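Trainee: Dropping in run.cif, which is mmCIF, C-alpha atoms; chains and numbers go by the auth columns:
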data_data
#
loop_
_atom_site.group_PDB
_atom_site.id
_atom_site.type_symbol
_atom_site.label_atom_id
_atom_site.label_comp_id
_atom_site.label_asym_id
_atom_site.label_seq_id
_atom_site.Cartn_x
_atom_site.Cartn_y
_atom_site.Cartn_z
_atom_site.B_iso_or_equiv
_atom_site.auth_seq_id
_atom_site.auth_asym_id
ATOM 1 C CA MET A 1 0.000 0.000 0.000 0.00 1 F
ATOM 2 C CA SER A 2 2.825 2.410 0.746 0.00 2 F
ATOM 3 C CA THR A 3 4.248 1.745 -2.721 0.00 3 F
ATOM 4 C CA ILE A 4 1.044 2.949 -4.364 0.00 4 F
ATOM 5 C CA PHE A 5 0.990 6.066 -2.197 0.00 5 F
ATOM 6 C CA ILE A 6 4.610 6.940 -2.899 0.00 6 F
ATOM 7 C CA LEU A 7 4.078 6.417 -6.637 0.00 7 F
ATOM 8 C CA LEU A 8 1.084 8.760 -6.556 0.00 8 F
ATOM 9 C CA VAL A 9 3.109 11.400 -4.711 0.00 9 F
ATOM 10 C CA PHE A 10 5.940 10.914 -7.203 0.00 10 F
ATOM 11 C CA ALA A 11 3.535 11.278 -10.138 0.00 11 F
ATOM 12 C CA TYR A 12 2.216 14.527 -8.674 0.00 12 F
ATOM 13 C CA PHE A 13 5.804 15.690 -8.171 0.00 13 F
ATOM 14 C CA VAL A 14 6.662 14.953 -11.804 0.00 14 F
ATOM 15 C CA ILE A 15 3.547 16.640 -13.193 0.00 15 F
ATOM 16 C CA ARG A 16 3.452 19.674 -10.916 0.00 16 F
ATOM 17 C CA PHE A 17 7.064 20.781 -10.501 0.00 17 F
ATOM 18 C CA ASP A 18 9.731 21.609 -13.032 0.00 18 F
ATOM 19 C CA VAL A 19 12.816 19.761 -11.817 0.00 19 F
ATOM 20 C CA ASP A 20 15.746 18.172 -13.581 0.00 20 F
ATOM 21 C CA VAL A 21 15.057 14.957 -15.498 0.00 21 F
ATOM 22 C CA ARG A 22 18.011 13.271 -13.774 0.00 22 F
ATOM 23 C CA GLU A 23 16.416 13.799 -10.362 0.00 23 F
ATOM 24 C CA LYS A 24 13.116 12.379 -11.613 0.00 24 F
ATOM 25 C CA LEU A 25 14.829 9.307 -13.081 0.00 25 F
ATOM 26 C CA LEU A 26 16.926 8.735 -9.955 0.00 26 F
ATOM 27 C CA LEU A 27 13.835 8.872 -7.759 0.00 27 F
ATOM 28 C CA LEU A 28 11.985 6.522 -10.102 0.00 28 F
ATOM 29 C CA VAL A 29 14.830 3.994 -9.947 0.00 29 F
ATOM 30 C CA LEU A 30 15.024 4.212 -6.150 0.00 30 F
ATOM 31 C CA ILE A 31 11.254 3.773 -5.829 0.00 31 F
ATOM 32 C CA GLY A 32 11.387 0.777 -8.176 0.00 32 F
ATOM 33 C CA ILE A 33 14.178 -0.864 -6.220 0.00 33 F
ATOM 34 C CA ALA A 34 12.454 -0.278 -2.879 0.00 34 F
ATOM 35 C CA ALA A 35 9.166 -1.598 -4.246 0.00 35 F
ATOM 36 C CA LEU A 36 10.439 -4.684 -6.066 0.00 36 F
ATOM 37 C CA LEU A 37 13.268 -5.835 -3.782 0.00 37 F
ATOM 38 C CA PRO A 38 10.965 -7.629 -1.275 0.00 38 F
ATOM 39 C CA LEU A 39 9.668 -9.773 -4.147 0.00 39 F
ATOM 40 C CA ALA A 40 13.171 -11.145 -4.726 0.00 40 F
ATOM 41 C CA SER A 41 13.271 -12.831 -1.302 0.00 41 F
ATOM 42 C CA PRO A 42 9.737 -13.128 0.068 0.00 42 F
ATOM 43 C CA GLY A 43 10.744 -14.872 3.298 0.00 43 F
ATOM 44 C CA SER A 44 12.960 -12.118 4.657 0.00 44 F
ATOM 45 C CA ILE A 45 11.088 -9.957 7.145 0.00 45 F
ATOM 46 C CA ALA A 46 14.129 -7.737 7.749 0.00 46 F
ATOM 47 C CA LEU A 47 14.351 -6.944 4.036 0.00 47 F
ATOM 48 C CA ARG A 48 10.670 -6.025 3.920 0.00 48 F
ATOM 49 C CA ILE A 49 11.086 -3.705 6.899 0.00 49 F
ATOM 50 C CA ALA A 50 14.179 -2.123 5.353 0.00 50 F
ATOM 51 C CA CYS A 51 12.336 -1.546 2.081 0.00 51 F
ATOM 52 C CA ALA A 52 9.371 -0.016 3.915 0.00 52 F
ATOM 53 C CA VAL A 53 11.746 2.351 5.713 0.00 53 F
ATOM 54 C CA ALA A 54 13.419 3.203 2.395 0.00 54 F
ATOM 55 C CA GLN A 55 10.044 3.926 0.789 0.00 55 F
ATOM 56 C CA GLY A 56 9.147 6.174 3.707 0.00 56 F
ATOM 57 C CA ALA A 57 12.447 8.025 3.431 0.00 57 F
ATOM 58 C CA ILE A 58 11.952 8.558 -0.299 0.00 58 F
ATOM 59 C CA GLY A 59 8.429 9.805 0.357 0.00 59 F
ATOM 60 C CA VAL A 60 9.656 12.252 2.985 0.00 60 F
ATOM 61 C CA TYR A 61 12.346 13.506 0.602 0.00 61 F
ATOM 62 C CA ILE A 62 9.802 14.073 -2.174 0.00 62 F
ATOM 63 C CA VAL A 63 7.393 15.919 0.118 0.00 63 F
ATOM 64 C CA ILE A 64 10.159 18.140 1.531 0.00 64 F
ATOM 65 C CA ARG A 65 11.458 18.795 -1.987 0.00 65 F
ATOM 66 C CA MET A 66 7.963 19.744 -3.186 0.00 66 F
ATOM 67 C CA HIS A 67 7.579 22.109 -0.236 0.00 67 F
ATOM 68 C CA TYR A 68 10.940 23.721 -1.025 0.00 68 F
ATOM 69 C CA LEU A 69 10.070 24.133 -4.710 0.00 69 F
ATOM 70 C CA LYS A 70 6.689 25.632 -3.846 0.00 70 F
ATOM 71 C CA ASN A 71 8.287 28.310 -1.666 0.00 71 F
ATOM 72 C CA VAL A 72 11.021 29.294 -4.099 0.00 72 F
#
Could you render the structure as structure tokens?
Mentor:
Amino acid sequence: MSTIFILLVFAYFVIRFDVDVREKLLLLVLIGIAALLPLASPGSIALRIACAVAQGAIGVYIVIRMHYLKNV
């Protein structure tokens, strides 16, 4: 569920704000890795928790970045 939310926030970020394409691609790759890595080893609870934390950190970065771009 958090993956869907972070992808929606990322889509809004891409549509709404004019940022560098490299930053958009880097965030997309990081979101993809954090979303798909738990599927590689489904039995590892620690990996799932680490990926959830990584998704949360990416989401926080995107929200803070959007707030900064809005105020500039």
Trainee: Between atom CA of F:Ile4 and atom CA of F:Ala50, what is the distance, to one decimal in Å?
Mentor: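 Result for atom CA of F:Ile4 versus atom CA of F:Ala50: 17.1 Å, one decimal.
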Trainee: List as a list in words the protein and nucleic acid residues near F:Arg16, meaning an atom at most 10 Å away when all atoms listed in the file are counted, but skip any in the same chain fewer than 4 places from it.
Mentor: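 Non-adjacent residues within range: Phe10, Ala11, Tyr12, Met66 and Lys70 of chain F.
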Trainee: Applying 12 Å and all atoms listed in the file, which residues near F:Arg65 remain after dropping the ones on its own chain fewer than 5 positions away? List them as a list in words.
Mentor: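 Non-adjacent residues within range: Val9, Phe10, Phe13, Val14, Phe17, Asp18, Val19, Glu23, Lys24, Leu27, Ile58, Gly59, Val60, Lys70, Asn71 and Val72 of chain F.
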Trainee: So what do you get for atom CA of F:Ala35 versus atom CA of F:Tyr61, distance-wise?
Mentor: 16.2 Å
Trainee: For F:Ala52, work out the shell of residues within 9 Å, counting all atoms listed in the file and skipping chain neighbours fewer than 2 positions away, then give it as a VMD selection string.
Mentor: chain F and resid 2 to 3 34 to 35 47 to 50 54 to 57
Trainee: Padding 8 Å on each side, edges along x, y and z: where is the centre of the box around the listed atoms of stretch 2-17 of chain F, and how long are its edges in Å to one decimal? Output it as AutoDock Vina command-line options.
Mentor:
--center_x 4.0 --center_y 11.3 --center_z -6.2 --size_x 22.1 --size_y 35.0 --size_z 29.9
